[in-house]
>>> print(open('start-v5.csv').read())   # CSV, C-alpha atoms and all ligand atoms
chain,number,residue,atom,x,y,z
A,1,MET,CA,108.4,-12.8,-52.2
A,2,SER,CA,109.8,-16.4,-52.6
A,3,ASP,CA,107.5,-19.2,-53.2
A,4,ASN,CA,108.5,-20.7,-49.9
A,5,GLN,CA,107.4,-17.6,-47.9
A,6,HIS,CA,104.2,-17.5,-49.9
A,7,ASN,CA,103.2,-21.0,-49.1
A,8,ASP,CA,104.2,-21.0,-45.4
A,9,PHE,CA,101.1,-20.9,-43.4
A,10,SER,CA,102.6,-22.3,-40.2
A,11,TYR,CA,101.6,-19.0,-38.5
A,12,LEU,CA,98.0,-20.3,-38.5
A,13,ALA,CA,98.4,-22.6,-35.5
A,14,ALA,CA,99.4,-19.7,-33.2
A,15,ASN,CA,96.8,-17.4,-34.6
A,16,TRP,CA,94.1,-20.0,-34.2
A,17,ALA,CA,95.1,-20.8,-30.6
A,18,ALA,CA,95.3,-17.1,-29.7
A,19,MET,CA,91.9,-16.4,-31.3
A,20,ARG,CA,90.2,-19.2,-29.4
A,21,GLU,CA,91.7,-17.8,-26.2
A,22,ARG,CA,90.4,-14.3,-26.9
A,23,VAL,CA,87.0,-15.7,-27.7
A,24,ASP,CA,87.0,-17.7,-24.4
A,25,ALA,CA,88.1,-14.6,-22.5
A,26,ALA,CA,85.3,-12.6,-24.1
A,27,CYS,CA,82.8,-15.3,-23.1
A,28,VAL,CA,84.0,-15.3,-19.5
A,29,GLY,CA,83.9,-11.5,-19.4
A,30,ALA,CA,80.3,-11.6,-20.6
A,31,GLY,CA,79.4,-14.3,-18.0
A,32,ARG,CA,78.9,-17.0,-20.7
A,33,ALA,CA,80.3,-20.4,-21.2
A,34,PRO,CA,83.1,-20.6,-23.9
A,35,ALA,CA,81.4,-23.7,-25.3
A,36,GLU,CA,78.4,-21.5,-26.3
A,37,VAL,CA,80.5,-19.7,-29.0
A,38,SER,CA,82.1,-21.2,-32.0
A,39,ILE,CA,84.5,-19.6,-34.5
A,40,LEU,CA,83.9,-19.6,-38.2
A,41,PRO,CA,87.3,-19.1,-39.9
A,42,VAL,CA,86.9,-16.8,-42.9
A,43,SER,CA,89.4,-17.8,-45.6
A,44,LYS,CA,88.3,-15.4,-48.3
A,45,THR,CA,91.2,-14.1,-50.5
A,46,PHE,CA,93.6,-16.7,-49.1
A,47,PRO,CA,94.7,-19.6,-51.3
A,48,ALA,CA,93.7,-23.3,-51.1
A,49,GLU,CA,97.0,-24.1,-49.5
A,50,ALA,CA,96.1,-21.8,-46.5
A,51,VAL,CA,92.9,-23.6,-46.1
A,52,ARG,CA,94.7,-26.9,-46.3
A,53,ALA,CA,97.0,-25.8,-43.5
A,54,ALA,CA,94.0,-24.9,-41.4
A,55,VAL,CA,92.4,-28.3,-42.1
A,56,ALA,CA,95.6,-29.8,-40.7
A,57,LEU,CA,94.8,-27.9,-37.4
A,58,GLY,CA,91.4,-29.7,-37.3
A,59,LEU,CA,89.3,-27.0,-38.9
A,60,HIS,CA,86.7,-28.1,-41.5
A,61,ARG,CA,84.2,-25.2,-41.9
A,62,PHE,CA,85.3,-22.1,-43.8
A,63,GLY,CA,83.5,-18.9,-44.6
A,64,GLU,CA,83.9,-17.4,-48.1
A,65,ASN,CA,82.1,-14.3,-49.5
A,66,LYS,CA,82.3,-15.3,-53.2
A,67,VAL,CA,81.0,-18.4,-54.7
A,68,GLN,CA,83.6,-18.2,-57.4
A,69,GLU,CA,86.3,-18.5,-54.7
A,70,ILE,CA,84.7,-21.6,-53.3
A,71,ARG,CA,84.7,-23.1,-56.8
A,72,GLU,CA,88.4,-22.4,-57.2
A,73,LYS,CA,89.3,-23.8,-53.8
A,74,ALA,CA,86.9,-26.8,-53.7
A,75,GLY,CA,88.7,-28.6,-56.6
A,76,PRO,CA,92.3,-28.7,-55.1
A,77,LEU,CA,90.8,-29.4,-51.7
A,78,SER,CA,88.4,-32.1,-52.7
A,79,ASP,CA,90.2,-34.6,-50.5
A,80,CYS,CA,89.5,-32.6,-47.4
A,81,ALA,CA,85.8,-32.9,-46.6
A,82,ILE,CA,85.3,-29.2,-46.1
A,83,ASP,CA,82.0,-27.5,-45.3
A,84,TRP,CA,81.9,-24.2,-47.3
A,85,VAL,CA,79.8,-21.5,-45.7
A,86,VAL,CA,78.7,-18.5,-47.9
A,87,ILE,CA,78.8,-15.3,-45.9
A,88,GLY,CA,78.8,-12.6,-48.7
A,89,HIS,CA,76.1,-11.1,-50.7
A,90,LEU,CA,74.8,-13.7,-53.1
A,91,GLN,CA,73.5,-13.1,-56.6
A,92,THR,CA,70.5,-15.3,-57.5
A,93,ASN,CA,72.3,-16.6,-60.6
A,94,LYS,CA,74.8,-18.3,-58.3
A,95,ALA,CA,72.2,-20.5,-56.8
A,96,LYS,CA,73.2,-23.5,-58.9
A,97,ASP,CA,76.8,-23.4,-57.7
A,98,VAL,CA,75.8,-22.8,-54.1
A,99,ALA,CA,73.4,-25.8,-54.2
A,100,ARG,CA,76.3,-28.0,-55.4
A,101,LEU,CA,79.2,-26.7,-53.4
A,102,ALA,CA,78.1,-25.1,-50.1
A,103,THR,CA,76.7,-26.6,-46.9
A,104,GLU,CA,75.5,-23.4,-45.5
A,105,VAL,CA,74.5,-19.8,-46.5
A,106,GLN,CA,74.5,-17.1,-43.8
A,107,SER,CA,73.6,-14.3,-46.2
A,108,LEU,CA,70.1,-15.2,-47.1
A,109,ASP,CA,68.5,-11.8,-47.4
A,110,ARG,CA,65.6,-12.0,-49.8
A,111,TRP,CA,62.8,-14.2,-51.2
A,112,GLU,CA,64.0,-14.3,-54.7
A,113,LEU,CA,67.3,-15.9,-53.5
A,114,ALA,CA,65.5,-18.3,-51.2
A,115,ASP,CA,63.3,-19.4,-54.0
A,116,ALA,CA,66.2,-19.9,-56.4
A,117,LEU,CA,68.2,-21.9,-53.9
A,118,HIS,CA,65.2,-24.1,-53.1
A,119,LYS,CA,64.6,-24.9,-56.8
A,120,ARG,CA,68.3,-25.8,-57.3
A,121,LEU,CA,68.5,-27.8,-54.1
A,122,GLN,CA,65.5,-29.9,-55.1
A,123,ILE,CA,67.2,-30.7,-58.4
A,124,GLU,CA,70.4,-31.7,-56.5
A,125,GLY,CA,68.5,-33.6,-53.8
A,126,ARG,CA,70.2,-31.6,-51.1
A,127,THR,CA,69.3,-29.4,-48.2
A,128,LEU,CA,71.2,-26.3,-47.0
A,129,ASP,CA,71.6,-24.7,-43.5
A,130,VAL,CA,70.7,-21.1,-43.7
A,131,LEU,CA,70.8,-18.0,-41.5
A,132,VAL,CA,68.8,-14.9,-42.4
A,133,GLN,CA,71.0,-11.9,-42.8
A,134,VAL,CA,69.3,-8.8,-41.3
A,135,LYS,CA,70.4,-5.2,-41.9
A,136,THR,CA,71.0,-3.7,-38.5
A,137,SER,CA,73.4,-0.9,-39.8
A,138,PRO,CA,72.4,2.2,-41.7
A,139,GLU,CA,75.3,1.9,-44.2
A,140,GLU,CA,74.2,1.6,-47.8
A,141,SER,CA,77.0,-0.9,-48.4
A,142,LYS,CA,75.6,-3.4,-45.9
A,143,SER,CA,73.1,-5.9,-47.3
A,144,GLY,CA,70.4,-7.7,-45.3
A,145,LEU,CA,66.7,-8.0,-44.9
A,146,ASP,CA,64.8,-5.0,-43.4
A,147,PRO,CA,64.2,-6.0,-39.8
A,148,ALA,CA,60.5,-5.1,-40.2
A,149,GLU,CA,60.2,-7.8,-42.9
A,150,LEU,CA,61.7,-10.6,-40.8
A,151,PRO,CA,58.5,-12.2,-39.3
A,152,ALA,CA,56.8,-12.5,-42.7
A,153,PHE,CA,60.1,-13.7,-44.3
A,154,LEU,CA,60.5,-16.5,-41.7
A,155,ASP,CA,56.9,-17.5,-42.2
A,156,ALA,CA,57.4,-17.7,-46.0
A,157,LEU,CA,60.5,-19.8,-45.6
A,158,ASP,CA,58.4,-22.5,-43.9
A,159,ASP,CA,57.3,-23.4,-47.4
A,160,LEU,CA,60.8,-24.2,-48.6
A,161,PRO,CA,61.8,-27.4,-46.8
A,162,THR,CA,65.3,-27.6,-48.4
A,163,LEU,CA,66.3,-24.5,-46.4
A,164,ARG,CA,66.9,-25.3,-42.8
A,165,VAL,CA,66.7,-22.0,-41.0
A,166,GLY,CA,69.0,-22.0,-37.9
A,167,GLY,CA,69.1,-18.4,-36.9
A,168,LEU,CA,70.1,-14.9,-37.9
A,169,MET,CA,73.3,-13.1,-39.1
A,170,THR,CA,74.3,-9.5,-39.2
A,171,MET,CA,77.3,-7.2,-39.8
A,172,ALA,CA,77.5,-4.3,-37.4
A,173,VAL,CA,78.1,-0.7,-38.5
A,174,ASN,CA,81.8,0.0,-39.3
A,175,SER,CA,82.4,2.6,-36.6
A,176,ASP,CA,84.7,3.5,-33.8
A,177,ASP,CA,81.7,4.1,-31.6
A,178,ALA,CA,81.5,1.0,-29.5
A,179,ASP,CA,77.9,1.8,-28.5
A,180,ALA,CA,76.7,2.0,-32.1
A,181,VAL,CA,78.4,-1.3,-32.9
A,182,ARG,CA,76.9,-3.0,-29.9
A,183,ALA,CA,73.4,-1.6,-30.7
A,184,CYS,CA,73.5,-3.5,-34.0
A,185,PHE,CA,74.3,-6.8,-32.3
A,186,ARG,CA,71.6,-6.1,-29.6
A,187,GLN,CA,69.0,-5.5,-32.3
A,188,LEU,CA,69.8,-8.8,-33.9
A,189,ARG,CA,69.4,-10.6,-30.6
A,190,ASP,CA,66.1,-8.7,-29.9
A,191,LEU,CA,64.8,-9.8,-33.3
A,192,ARG,CA,65.7,-13.4,-32.5
A,193,ASP,CA,64.1,-13.2,-29.0
A,194,GLN,CA,60.9,-11.8,-30.6
A,195,ALA,CA,60.8,-14.6,-33.1
A,196,VAL,CA,61.4,-17.2,-30.4
A,197,ALA,CA,58.5,-15.6,-28.3
A,198,ARG,CA,56.3,-16.3,-31.4
A,199,GLY,CA,57.3,-19.9,-31.2
A,200,ARG,CA,60.2,-20.2,-33.6
A,201,SER,CA,63.4,-22.1,-33.0
A,202,LEU,CA,66.3,-19.9,-34.0
A,203,PRO,CA,69.3,-20.9,-31.8
A,204,ARG,CA,72.1,-19.4,-33.8
A,205,LEU,CA,73.3,-15.8,-33.9
A,206,SER,CA,76.2,-15.2,-36.3
A,207,MET,CA,77.7,-11.8,-35.4
A,208,GLY,CA,81.1,-10.3,-34.8
A,209,MET,CA,84.3,-10.2,-36.8
A,210,SER,CA,88.0,-9.7,-35.9
A,211,GLY,CA,87.4,-6.1,-34.8
A,212,ASP,CA,84.2,-6.4,-32.9
A,213,PHE,CA,83.7,-10.0,-31.7
A,214,ALA,CA,83.9,-9.2,-28.0
A,215,GLN,CA,80.9,-6.9,-28.3
A,216,ALA,CA,79.0,-9.5,-30.3
A,217,ILE,CA,79.7,-12.1,-27.7
A,218,ALA,CA,78.5,-9.7,-25.0
A,219,GLU,CA,75.2,-9.4,-26.9
A,220,GLY,CA,74.7,-13.1,-27.4
A,221,ALA,CA,76.6,-14.3,-30.5
A,222,THR,CA,76.8,-18.0,-30.8
A,223,GLU,CA,79.2,-17.8,-33.7
A,224,VAL,CA,81.8,-15.2,-34.7
A,225,ARG,CA,83.2,-15.0,-38.2
A,226,ILE,CA,86.9,-14.3,-38.1
A,227,GLY,CA,89.2,-13.7,-41.1
A,228,THR,CA,92.0,-11.2,-40.4
A,229,ALA,CA,92.9,-12.4,-36.9
A,230,ILE,CA,93.4,-15.9,-38.1
A,231,PHE,CA,94.6,-15.7,-41.7
A,232,GLY,CA,96.2,-12.3,-41.6
A,233,ARG,CA,95.6,-9.1,-43.5
A,234,ARG,CA,94.0,-9.3,-46.9
A,235,THR,CA,95.9,-7.6,-49.7
B,1,LIG,C1,85.3,-10.8,-44.4
B,1,LIG,C2,84.1,-11.1,-43.5
B,1,LIG,C3,84.3,-11.4,-42.2
B,1,LIG,C4,85.6,-11.5,-41.5
B,1,LIG,O1,86.2,-10.2,-41.3
B,1,LIG,P1,87.5,-9.9,-40.5
B,1,LIG,O2,87.4,-8.5,-40.1
B,1,LIG,O3,88.6,-10.2,-41.5
B,1,LIG,O4,87.5,-10.9,-39.4
B,1,LIG,C5,83.1,-11.7,-41.5
B,1,LIG,N1,81.9,-11.6,-42.0
B,1,LIG,C6,81.7,-11.3,-43.3
B,1,LIG,C7,80.3,-11.2,-43.9
B,1,LIG,C8,82.8,-11.0,-44.1
B,1,LIG,O5,82.6,-10.7,-45.4
>>> encode(input="start-v5.csv", output="structure tokens", more="lines below")
Ligand SMILES: *Cc1c(COP(=O)(O)O)cnc(C)c1O
Amino acid sequence: MSDNQHNDFSYLAANWAAMRERVDAACVGAGRAPAEVSILPVSKTFPAEAVRAAVALGLHRFGENKVQEIREKAGPLSDCAIDWVVIGHLQTNKAKDVARLATEVQSLDRWELADALHKRLQIEGRTLDVLVQVKTSPEESKSGLDPAELPAFLDALDDLPTLRVGGLMTMAVNSDDADAVRACFRQLRDLRDQAVARGRSLPRLSMGMSGDFAQAIAEGATEVRIGTAIFGRRT
């Protein structure tokens, strides 16, 4: 592959526009207003030049699942005012880099991590937007908090003022069974509704990816995380 081909990300404009149209159509199909659902572009495995091309389209928030990748891209893109969003499983020893580089973590799934982030954020004098990732799928490979532990976890987070909890995140089961996928999203919404009934404010539900965003929107997603359908297949 020539360098030229490799660095040509002009396809992003059409993919982005098509994705927004598909999300809008899913909203209309679900009887919701398109303005209720935002798209988080997931740039993982794509190079800094791809992100720069997306910035030129007016995007400024990007999801990554590895802190190391944020480190590698943040340098060459330091002129771009990007908000980096961590969406992948996070090791506690990465808290320092996250506190410096990320504006948001959607994969907060345990107390040890929350506590480590809070300590580093205090040192940096920063705050972080967070979503609590809940495990709604039986697959071993999926991380996330046990749903039964959510109420106590949210209560405990009240003691960590550097973490601003805005809602919940999940990954649905990887399955061709549309009902099984949708049940994961419904469970997340139910957990949110139960927390709201107890007086919490949790407006955000991050759920749905390239293959299942329409079902997530039907179940109340406020944000879908889209990689493949915008950036292309990961190699
Ligand atoms: C990679 C990833 C996505 C995007 O997946 P696509 O199927 O490429 O849209 C969304 N959420 C998480 C947590 C991911 O790791």
>>> residues_near_ligand(input="start-v5.csv", ligand="ligand LIG 1 (chain B)", cutoff="10 Å", atoms="all atoms listed in the file", output="ChimeraX atom specification")
/A:40-45,63-66,86-89,106-107,133,142-143,169-172,206-213,224-234
>>> residues_near_point(input="start-v5.csv", point="(72.5, -23.0, -38.2)", cutoff="7 Å", atoms="all atoms listed in the file", output="list in words")
Asp129, Val130, Leu131, Val165, Gly166, Gly167 and Arg204 of chain A
>>> atom_distance(input="start-v5.csv", atom1="atom CA of Tyr11 of chain A", atom2="atom CA of Pro34 of chain A")
23.6 Å
>>> residues_around(input="start-v5.csv", residues="segment 136-140 of chain A", least_positions_apart="4", cutoff="9 Å", atoms="all atoms listed in the file", output="list in words")
Gly144, Leu145, Asp146, Pro147, Thr170, Met171, Ala172, Val173, Asn174, Ala180, Val181, Ala183, Cys184, Phe185, Gln187 and Leu188 of chain A
>>> atom_distance(input="start-v5.csv", atom1="atom CA of Asp97 of chain A", atom2="atom CA of Pro151 of chain A")
28.3 Å
>>> atom_distance(input="start-v5.csv", atom1="atom CA of Phe9 of chain A", atom2="atom CA of His60 of chain A")
16.2 Å
>>> residues_near_point(input="start-v5.csv", point="(92.5, -28.1, -44.7)", cutoff="12 Å", atoms="only C-alpha atoms", output="PyMOL selection string")
chain A and resi 9+12+41+43+47-62+73-74+76-84
>>> write_last_selection(input="start-v5.csv", atoms="C-alpha atoms", output="PDB file, in the frame of the given file")
ATOM      1  CA  PHE A   9     101.100 -20.900 -43.400  1.00  0.00           C
ATOM      2  CA  LEU A  12      98.000 -20.300 -38.500  1.00  0.00           C
ATOM      3  CA  PRO A  41      87.300 -19.100 -39.900  1.00  0.00           C
ATOM      4  CA  SER A  43      89.400 -17.800 -45.600  1.00  0.00           C
ATOM      5  CA  PRO A  47      94.700 -19.600 -51.300  1.00  0.00           C
ATOM      6  CA  ALA A  48      93.700 -23.300 -51.100  1.00  0.00           C
ATOM      7  CA  GLU A  49      97.000 -24.100 -49.500  1.00  0.00           C
ATOM      8  CA  ALA A  50      96.100 -21.800 -46.500  1.00  0.00           C
ATOM      9  CA  VAL A  51      92.900 -23.600 -46.100  1.00  0.00           C
ATOM     10  CA  ARG A  52      94.700 -26.900 -46.300  1.00  0.00           C
ATOM     11  CA  ALA A  53      97.000 -25.800 -43.500  1.00  0.00           C
ATOM     12  CA  ALA A  54      94.000 -24.900 -41.400  1.00  0.00           C
ATOM     13  CA  VAL A  55      92.400 -28.300 -42.100  1.00  0.00           C
ATOM     14  CA  ALA A  56      95.600 -29.800 -40.700  1.00  0.00           C
ATOM     15  CA  LEU A  57      94.800 -27.900 -37.400  1.00  0.00           C
ATOM     16  CA  GLY A  58      91.400 -29.700 -37.300  1.00  0.00           C
ATOM     17  CA  LEU A  59      89.300 -27.000 -38.900  1.00  0.00           C
ATOM     18  CA  HIS A  60      86.700 -28.100 -41.500  1.00  0.00           C
ATOM     19  CA  ARG A  61      84.200 -25.200 -41.900  1.00  0.00           C
ATOM     20  CA  PHE A  62      85.300 -22.100 -43.800  1.00  0.00           C
ATOM     21  CA  LYS A  73      89.300 -23.800 -53.800  1.00  0.00           C
ATOM     22  CA  ALA A  74      86.900 -26.800 -53.700  1.00  0.00           C
ATOM     23  CA  PRO A  76      92.300 -28.700 -55.100  1.00  0.00           C
ATOM     24  CA  LEU A  77      90.800 -29.400 -51.700  1.00  0.00           C
ATOM     25  CA  SER A  78      88.400 -32.100 -52.700  1.00  0.00           C
ATOM     26  CA  ASP A  79      90.200 -34.600 -50.500  1.00  0.00           C
ATOM     27  CA  CYS A  80      89.500 -32.600 -47.400  1.00  0.00           C
ATOM     28  CA  ALA A  81      85.800 -32.900 -46.600  1.00  0.00           C
ATOM     29  CA  ILE A  82      85.300 -29.200 -46.100  1.00  0.00           C
ATOM     30  CA  ASP A  83      82.000 -27.500 -45.300  1.00  0.00           C
ATOM     31  CA  TRP A  84      81.900 -24.200 -47.300  1.00  0.00           C
TER      32      TRP A  84
END
>>> residues_around(input="start-v5.csv", residues="Gly125 of chain A", least_positions_apart="3", cutoff="12 Å", atoms="all atoms listed in the file", output="ChimeraX atom specification")
/A:99-100,117-122,128,161-163
>>> residues_around(input="start-v5.csv", residues="Ala116 of chain A", least_positions_apart="5", cutoff="9 Å", atoms="all atoms listed in the file", output="number ranges by chain")
A: 92-96, 111, 121
>>> closest_residue(input="start-v5.csv", among="A:Leu113, A:Gly29, A:Leu90, A:Asp176", to="Glu219 of chain A", atoms="all atoms listed in the file")
A:Gly29
>>> closest_residue(input="start-v5.csv", among="A:Ser38, A:Ser175, A:Asn7, A:Gln91", to="Thr222 of chain A", atoms="all atoms listed in the file")
A:Ser38
>>> closest_residue(input="start-v5.csv", among="A:Ala221, A:Ala178, A:Leu154, A:Val98", to="Arg198 of chain A", atoms="all atoms listed in the file")
A:Leu154
>>> closest_residue(input="start-v5.csv", among="A:Arg182, A:Trp16, A:Glu124, A:Ser10", to="Ala214 of chain A", atoms="all atoms listed in the file")
A:Arg182
>>> decode(input="start-v5.csv", residues="segment 8-19 of chain A", atoms="all heavy atoms", output="mmCIF file, in the first residue's frame")
data_model
loop_
_atom_site.group_PDB
_atom_site.id
_atom_site.type_symbol
_atom_site.label_atom_id
_atom_site.label_comp_id
_atom_site.auth_asym_id
_atom_site.auth_seq_id
_atom_site.Cartn_x
_atom_site.Cartn_y
_atom_site.Cartn_z
ATOM 1 N N ASP A 8 -4.854 8.613 3.297
ATOM 2 C CA ASP A 8 -6.036 9.270 2.736
ATOM 3 C C ASP A 8 -7.274 8.905 3.561
ATOM 4 O O ASP A 8 -7.800 7.801 3.434
ATOM 5 C CB ASP A 8 -6.218 8.843 1.282
ATOM 6 C CG ASP A 8 -7.392 9.568 0.644
ATOM 7 O OD1 ASP A 8 -8.001 10.419 1.323
ATOM 8 O OD2 ASP A 8 -7.699 9.275 -0.517
ATOM 9 N N PHE A 9 -7.710 9.833 4.380
ATOM 10 C CA PHE A 9 -8.876 9.565 5.218
ATOM 11 C C PHE A 9 -10.083 10.389 4.761
ATOM 12 O O PHE A 9 -10.971 10.698 5.545
ATOM 13 C CB PHE A 9 -8.537 9.815 6.690
ATOM 14 C CG PHE A 9 -7.501 8.859 7.194
ATOM 15 C CD1 PHE A 9 -6.193 9.272 7.381
ATOM 16 C CD2 PHE A 9 -7.837 7.532 7.437
ATOM 17 C CE1 PHE A 9 -5.230 8.371 7.823
ATOM 18 C CE2 PHE A 9 -6.876 6.631 7.875
ATOM 19 C CZ PHE A 9 -5.568 7.051 8.070
ATOM 20 N N SER A 10 -10.079 10.724 3.463
ATOM 21 C CA SER A 10 -11.179 11.536 2.945
ATOM 22 C C SER A 10 -12.516 10.796 2.983
ATOM 23 O O SER A 10 -13.573 11.418 2.929
ATOM 24 C CB SER A 10 -10.866 11.993 1.518
ATOM 25 O OG SER A 10 -10.571 10.876 0.717
ATOM 26 N N TYR A 11 -12.460 9.452 3.103
ATOM 27 C CA TYR A 11 -13.713 8.685 3.196
ATOM 28 C C TYR A 11 -14.484 8.988 4.480
ATOM 29 O O TYR A 11 -15.667 8.674 4.594
ATOM 30 C CB TYR A 11 -13.415 7.183 3.106
ATOM 31 C CG TYR A 11 -12.624 6.641 4.273
ATOM 32 C CD1 TYR A 11 -13.276 6.247 5.448
ATOM 33 C CD2 TYR A 11 -11.241 6.527 4.222
ATOM 34 C CE1 TYR A 11 -12.555 5.755 6.532
ATOM 35 C CE2 TYR A 11 -10.515 6.031 5.291
ATOM 36 C CZ TYR A 11 -11.172 5.650 6.444
ATOM 37 O OH TYR A 11 -10.471 5.176 7.515
ATOM 38 N N LEU A 12 -13.810 9.588 5.458
ATOM 39 C CA LEU A 12 -14.467 9.813 6.757
ATOM 40 C C LEU A 12 -15.682 10.733 6.646
ATOM 41 O O LEU A 12 -16.675 10.537 7.351
ATOM 42 C CB LEU A 12 -13.467 10.419 7.752
ATOM 43 C CG LEU A 12 -12.441 9.461 8.343
ATOM 44 C CD1 LEU A 12 -11.456 10.236 9.218
ATOM 45 C CD2 LEU A 12 -13.137 8.373 9.158
ATOM 46 N N ALA A 13 -15.625 11.712 5.768
ATOM 47 C CA ALA A 13 -16.740 12.678 5.671
ATOM 48 C C ALA A 13 -18.037 11.960 5.301
ATOM 49 O O ALA A 13 -19.082 12.174 5.927
ATOM 50 C CB ALA A 13 -16.411 13.762 4.649
ATOM 51 N N ALA A 14 -17.959 11.077 4.295
ATOM 52 C CA ALA A 14 -19.167 10.358 3.863
ATOM 53 C C ALA A 14 -19.624 9.372 4.944
ATOM 54 O O ALA A 14 -20.821 9.250 5.215
ATOM 55 C CB ALA A 14 -18.886 9.630 2.549
ATOM 56 N N ASN A 15 -18.664 8.674 5.571
ATOM 57 C CA ASN A 15 -19.038 7.724 6.626
ATOM 58 C C ASN A 15 -19.707 8.422 7.797
ATOM 59 O O ASN A 15 -20.681 7.937 8.367
ATOM 60 C CB ASN A 15 -17.798 6.980 7.136
ATOM 61 C CG ASN A 15 -17.386 5.855 6.201
ATOM 62 O OD1 ASN A 15 -17.971 5.682 5.134
ATOM 63 N ND2 ASN A 15 -16.375 5.105 6.604
ATOM 64 N N TRP A 16 -19.153 9.574 8.167
ATOM 65 C CA TRP A 16 -19.702 10.314 9.294
ATOM 66 C C TRP A 16 -21.126 10.788 8.985
ATOM 67 O O TRP A 16 -22.047 10.621 9.795
ATOM 68 C CB TRP A 16 -18.798 11.502 9.655
ATOM 69 C CG TRP A 16 -19.424 12.416 10.656
ATOM 70 C CD1 TRP A 16 -19.879 13.677 10.437
ATOM 71 C CD2 TRP A 16 -19.697 12.132 12.034
ATOM 72 N NE1 TRP A 16 -20.414 14.200 11.587
ATOM 73 C CE2 TRP A 16 -20.317 13.274 12.579
ATOM 74 C CE3 TRP A 16 -19.479 11.016 12.852
ATOM 75 C CZ2 TRP A 16 -20.724 13.343 13.920
ATOM 76 C CZ3 TRP A 16 -19.888 11.071 14.181
ATOM 77 C CH2 TRP A 16 -20.495 12.229 14.709
ATOM 78 N N ALA A 17 -21.305 11.339 7.798
ATOM 79 C CA ALA A 17 -22.633 11.834 7.415
ATOM 80 C C ALA A 17 -23.638 10.684 7.358
ATOM 81 O O ALA A 17 -24.771 10.797 7.845
ATOM 82 C CB ALA A 17 -22.564 12.548 6.064
ATOM 83 N N ALA A 18 -23.205 9.545 6.794
ATOM 84 C CA ALA A 18 -24.105 8.393 6.702
ATOM 85 C C ALA A 18 -24.459 7.865 8.091
ATOM 86 O O ALA A 18 -25.597 7.475 8.359
ATOM 87 C CB ALA A 18 -23.454 7.292 5.863
ATOM 88 N N MET A 19 -23.469 7.868 8.978
ATOM 89 C CA MET A 19 -23.718 7.370 10.339
ATOM 90 C C MET A 19 -24.718 8.259 11.071
ATOM 91 O O MET A 19 -25.625 7.769 11.743
ATOM 92 C CB MET A 19 -22.387 7.325 11.109
ATOM 93 C CG MET A 19 -22.470 6.555 12.396
ATOM 94 S SD MET A 19 -22.875 4.795 12.110
ATOM 95 C CE MET A 19 -24.109 4.563 13.397
#
